[in-house]
Amino acid sequence: MEYLYKLVDLINEFEDGNDNAEKQIRDLVCYISDNDEYMKNELYRSVIFEASEKLRMFGYIKGKNKISAFEFSEDDLYDIKHETIQNYYRSRVFSNNLLDKRQKQVVDRFMILENKRMLVSAPTSFGKTFLLREIIYLNRDRYKNILLVFPTIALLNENTESINNLIQTFRLDYKVINNVYSGVSSDNKYIFILTPERTLKLLADNGNLIIDFFFFDEVYKIDEDFDKNEDSVKNIEEIIETKEDKGGRAKAFRIALYLLAKQVKEYYLAGPYLNLDNVKSGMKKFILLNNITTFQVEFEPTVRIEIDAWKMNSVLFHPVLGESKIQLYDHASPTTKEKVSGIAKYLYENKLGQAIFYCSTPNRSMQYTKVIVDSINCKESRIPQAFINHLKRKYNVKYGSNKNSVTYWSLIKALENGIGIHHGKFPKYIQNEILKMFNNEDFNFLFCTSTIIEGVNTNAKNVVVINNSVGNTPMTAFALKNIKGRAGRYYHHSIGRVFYADPKQRNIEKTDEMQLNFQTFDDINILKTDIDNSKIEDLSEKNKKIKSEREDNFDKQILPNAIFIKNRLYPRDQQERYLKYIMISSNFDKFNGLINNSHNINYFLTKKLMKPLLETFVETGILEINKGTVYNAVLATYSINGTMGVLEYHIKQLEKDEINSSEEKIDVAYVNTFDQIRTIIEYEVPKLLCLFESLYQQAGIIKGYKMDEFNLSGIIRFYELGITTELGLFLVEYGFPIDTIRQLERKFSAILNMSAKEAVFYLEKNRKLLLGLMDEYEMGLYERAIIALEKRK
């Protein structure tokens, strides 16, 4: 009862604004809430209820342990008191939900601002996108067009479903668009849910579109040098050129946010663990110029037990019980694999719940699962056999002396043994399915990479930090904080655990505090792309001079602004150089057959135009020679045989390399295959095709050709999404296997010119053929997708 009495004393003495007392109450509430025996006791439940209402943190009584005032109602006055408190914090969207104190402060502050522009920094479990729905609903009569910008396709899909539910529940008259291939009409109201790259295309293709409000998630991604200091680097120009050439996504985030802040009056920016009182000068200027209100939330609603798990007698730091020791290993100097095995056994034997094992790379995420498979029996998992069978059927390659590649693929082995693997190289639908199964508690251990940093929501109670890097880059304090933030989830788990597998991770935590910057506004060397996309008045004196010199050298008669903005992620001088190159008759004539066949994918593929097109980018320096060769080989294979063609190529190549271990060989082949499809086919090639489309069209206009009908959107969509029909577009959005969609479109060519709902009706009449095309897992996914389609307007 000691902790209960202590909690009662703290509640009685608590005054709003006493941060230390608030944290002590939180620690005790979380500790008690985590104990099932305590939560069966009416006295404990009543005190937790009082503490929750005192802190105005309702997740403690609305989450896993639901507690109602009616359980211990004493009199009418007691009931009225608690009903009044809860009504004040009740969600305006979903009446069953209560906003926590800080959540309500954000929404209320936004609504009363004259300039509704807010930047919110908060822990991962704060519910930043939950508040987004409140803002949309409260302003539904004011906002005609809304834009929501998310960093990943996974988050696009997750939030598309959430927004569709909001629209359906309240019968709002918005249409949801999460791609750049759907038409936009001035007669409709829209909610666009896009990545930064798709946002730039939306803005370029719809110059008259007025956006009334935008949300920008994971705002820290605008700064590719976040938590790094390169001021001491001597050859800064060389670094800038390298970043320009690499085409990192940070500039897409930065330029998208810069343009939106210029065009849109009201917005809500969000990110985790940003110290908004300690940002760099570029971000300070951005906030000041745009009159943005900042809102800093540092309070964590859940608590974490931290374990120094790198030695035999590991030290456990409990927020309430204090320090203790646990033995995880049999000897004093465990290897990394032994640490993984020891921690997994400890979690499994003590029934401590689900765990994420953070790994630096996809290959490591697969290597470490083998350790668990060999040491722990996790076969009581509920991973659907239909999904495993689907993967075996879909991605099996015969090689060697009649071997099956799926026999050695670590993903299959892991799933069959009740373990999940999640990383950004997998096809999107595999990522979605594994995450969904983990959140459904179909299995307990998930080995994953930095994909968990990027706003992916899981129900993990434990996080094991195995490696000290993110990819090939040393881990920063910011990244570590984000990874730790996935241990425990408000409304699900009051207490999370973080296992540090290396003492260096403790040192990383102690490194200098991160400072977010908006490089465009800072007095530093910035990318040419940023300079070309910025207004001169927003730049520092040094960068103003650079912009003026660049502007003086541009030929805007040849390349006007309207053409440049269609491909903003390429510097203007690079675009101009390519345009002049493609205007040379011998270069232009290689593609003049496209002028009347730009909508014809078969023409493009039959004529093998991708090869000479890639050569133009190599010759103009937009693409490196080696990259051009690789891109051409991958595209040639993928265009004919899809994913399996690329996979077969990599397995044969690895056979030639004579790598000893069959398992290593197969895992490398799968990772390389999925990586090339994701980065080359779905991302880089569509960007290059968009650049070619706008500049070749401009070259044709200058040369006197009629280019009004020239449009490569169908070809670009073929590579980016792998599909050609409206139904296919919807299925991709829903997270359906792209190769299966392509098979469906080839087998049922009649759906090419049908609407999505017409195509569904047609396919239903040919259900037997459809069943022959899809396996059990795909058919179940298809039927769920169709139900979702029927609900849409």
# chains A, B, ... in the order shown; residues from 1 in each chain; ligands from 1

call {"tool": "select_by_dssp", "arguments": {"residues": "region 401-583 of chain A", "states": "strand (DSSP E)", "output": "list in words"}}
result
Lys403, Asn404, Ile419, Gly420, Ile421, His422, Phe445, Leu446, Phe447, Cys448, Asn462, Val463, Val464, Val465, Ser469, Val470, Thr473, Pro474, Ile495, Gly496, Arg497, Val498, Phe499 and Tyr500 of chain A

call {"tool": "closest_atom_pairs", "arguments": {"of": "region 470-499 of chain A", "to": "region 113-123 of chain A", "cutoff": "10 Å", "atoms": "only C-alpha atoms", "output": "Markdown table"}}
result
| residue | atom | partner | partner_atom | distance |
| --- | --- | --- | --- | --- |
| A:Lys481 | CA | A:Pro123 | CA | 9.3 |
| A:Asn482 | CA | A:Pro123 | CA | 8.4 |
| A:Gly485 | CA | A:Pro123 | CA | 7.2 |
| A:Arg486 | CA | A:Pro123 | CA | 9.9 |

call {"tool": "closest_residue", "arguments": {"among": "A:Gln431, A:Asn290, A:Ser540, A:Asn313", "to": "Asp523 (chain A)", "atoms": "only C-alpha atoms"}}
result
A:Ser540

call {"tool": "atom_distance", "arguments": {"atom1": "CA of Cys359 (chain A)", "atom2": "CA of Thr449 (chain A)"}}
result
5.0 Å

call {"tool": "decode", "arguments": {"residues": "region 476-502 of chain A", "atoms": "N, CA and C atoms", "output": "PDB file, in the first residue's frame"}}
result
ATOM      1  N   THR A 476      22.256   9.191 -34.098  1.00  0.00           N
ATOM      2  CA  THR A 476      22.241  10.448 -33.362  1.00  0.00           C
ATOM      3  C   THR A 476      21.375  10.312 -32.118  1.00  0.00           C
ATOM      4  N   ALA A 477      21.516  11.281 -31.216  1.00  0.00           N
ATOM      5  CA  ALA A 477      20.669  11.287 -30.022  1.00  0.00           C
ATOM      6  C   ALA A 477      19.202  11.396 -30.407  1.00  0.00           C
ATOM      7  N   PHE A 478      18.928  12.154 -31.460  1.00  0.00           N
ATOM      8  CA  PHE A 478      17.551  12.320 -31.929  1.00  0.00           C
ATOM      9  C   PHE A 478      16.965  10.991 -32.394  1.00  0.00           C
ATOM     10  N   ALA A 479      17.752  10.247 -33.199  1.00  0.00           N
ATOM     11  CA  ALA A 479      17.269   8.953 -33.696  1.00  0.00           C
ATOM     12  C   ALA A 479      17.050   7.978 -32.554  1.00  0.00           C
ATOM     13  N   LEU A 480      17.982   7.966 -31.595  1.00  0.00           N
ATOM     14  CA  LEU A 480      17.845   7.061 -30.457  1.00  0.00           C
ATOM     15  C   LEU A 480      16.603   7.388 -29.635  1.00  0.00           C
ATOM     16  N   LYS A 481      16.344   8.660 -29.454  1.00  0.00           N
ATOM     17  CA  LYS A 481      15.161   9.086 -28.703  1.00  0.00           C
ATOM     18  C   LYS A 481      13.883   8.623 -29.409  1.00  0.00           C
ATOM     19  N   ASN A 482      13.895   8.725 -30.719  1.00  0.00           N
ATOM     20  CA  ASN A 482      12.735   8.289 -31.502  1.00  0.00           C
ATOM     21  C   ASN A 482      12.520   6.790 -31.406  1.00  0.00           C
ATOM     22  N   ILE A 483      13.626   6.034 -31.440  1.00  0.00           N
ATOM     23  CA  ILE A 483      13.535   4.574 -31.328  1.00  0.00           C
ATOM     24  C   ILE A 483      13.016   4.195 -29.942  1.00  0.00           C
ATOM     25  N   LYS A 484      13.579   4.819 -28.909  1.00  0.00           N
ATOM     26  CA  LYS A 484      13.126   4.556 -27.528  1.00  0.00           C
ATOM     27  C   LYS A 484      11.641   4.865 -27.372  1.00  0.00           C
ATOM     28  N   GLY A 485      11.192   5.906 -28.076  1.00  0.00           N
ATOM     29  CA  GLY A 485       9.799   6.342 -27.954  1.00  0.00           C
ATOM     30  C   GLY A 485       8.792   5.296 -28.384  1.00  0.00           C
ATOM     31  N   ARG A 486       9.262   4.243 -29.063  1.00  0.00           N
ATOM     32  CA  ARG A 486       8.361   3.172 -29.511  1.00  0.00           C
ATOM     33  C   ARG A 486       8.119   2.128 -28.427  1.00  0.00           C
ATOM     34  N   ALA A 487       8.817   2.253 -27.281  1.00  0.00           N
ATOM     35  CA  ALA A 487       8.632   1.301 -26.175  1.00  0.00           C
ATOM     36  C   ALA A 487       7.483   1.781 -25.298  1.00  0.00           C
ATOM     37  N   GLY A 488       6.410   1.045 -25.299  1.00  0.00           N
ATOM     38  CA  GLY A 488       5.220   1.461 -24.564  1.00  0.00           C
ATOM     39  C   GLY A 488       4.422   2.431 -25.404  1.00  0.00           C
ATOM     40  N   ARG A 489       3.137   2.334 -25.341  1.00  0.00           N
ATOM     41  CA  ARG A 489       2.291   3.221 -26.130  1.00  0.00           C
ATOM     42  C   ARG A 489       1.086   3.633 -25.300  1.00  0.00           C
ATOM     43  N   TYR A 490       0.929   4.914 -25.159  1.00  0.00           N
ATOM     44  CA  TYR A 490      -0.181   5.481 -24.393  1.00  0.00           C
ATOM     45  C   TYR A 490      -1.504   4.859 -24.859  1.00  0.00           C
ATOM     46  N   TYR A 491      -2.383   4.586 -23.935  1.00  0.00           N
ATOM     47  CA  TYR A 491      -3.657   3.907 -24.157  1.00  0.00           C
ATOM     48  C   TYR A 491      -3.494   2.393 -24.296  1.00  0.00           C
ATOM     49  N   HIS A 492      -2.259   1.906 -24.446  1.00  0.00           N
ATOM     50  CA  HIS A 492      -2.027   0.469 -24.606  1.00  0.00           C
ATOM     51  C   HIS A 492      -1.166  -0.102 -23.485  1.00  0.00           C
ATOM     52  N   HIS A 493      -0.006   0.546 -23.229  1.00  0.00           N
ATOM     53  CA  HIS A 493       0.914   0.076 -22.199  1.00  0.00           C
ATOM     54  C   HIS A 493       1.373   1.263 -21.363  1.00  0.00           C
ATOM     55  N   SER A 494       1.247   1.155 -20.061  1.00  0.00           N
ATOM     56  CA  SER A 494       1.672   2.246 -19.185  1.00  0.00           C
ATOM     57  C   SER A 494       3.189   2.296 -19.043  1.00  0.00           C
ATOM     58  N   ILE A 495       3.818   1.130 -19.100  1.00  0.00           N
ATOM     59  CA  ILE A 495       5.268   1.038 -18.925  1.00  0.00           C
ATOM     60  C   ILE A 495       5.876   0.327 -20.125  1.00  0.00           C
ATOM     61  N   GLY A 496       6.946   0.882 -20.642  1.00  0.00           N
ATOM     62  CA  GLY A 496       7.718   0.237 -21.691  1.00  0.00           C
ATOM     63  C   GLY A 496       9.107  -0.094 -21.174  1.00  0.00           C
ATOM     64  N   ARG A 497       9.813  -0.955 -21.896  1.00  0.00           N
ATOM     65  CA  ARG A 497      11.197  -1.284 -21.539  1.00  0.00           C
ATOM     66  C   ARG A 497      12.110  -1.011 -22.708  1.00  0.00           C
ATOM     67  N   VAL A 498      13.271  -0.465 -22.401  1.00  0.00           N
ATOM     68  CA  VAL A 498      14.295  -0.219 -23.417  1.00  0.00           C
ATOM     69  C   VAL A 498      15.558  -0.964 -23.008  1.00  0.00           C
ATOM     70  N   PHE A 499      16.039  -1.837 -23.876  1.00  0.00           N
ATOM     71  CA  PHE A 499      17.274  -2.581 -23.636  1.00  0.00           C
ATOM     72  C   PHE A 499      18.392  -1.977 -24.488  1.00  0.00           C
ATOM     73  N   TYR A 500      19.450  -1.531 -23.829  1.00  0.00           N
ATOM     74  CA  TYR A 500      20.618  -1.011 -24.540  1.00  0.00           C
ATOM     75  C   TYR A 500      21.625  -2.146 -24.676  1.00  0.00           C
ATOM     76  N   ALA A 501      21.912  -2.549 -25.905  1.00  0.00           N
ATOM     77  CA  ALA A 501      22.806  -3.685 -26.120  1.00  0.00           C
ATOM     78  C   ALA A 501      24.274  -3.282 -26.197  1.00  0.00           C
ATOM     79  N   ASP A 502      24.550  -1.988 -26.135  1.00  0.00           N
ATOM     80  CA  ASP A 502      25.930  -1.506 -26.256  1.00  0.00           C
ATOM     81  C   ASP A 502      26.094  -0.264 -25.394  1.00  0.00           C
TER      82      ASP A 502
END
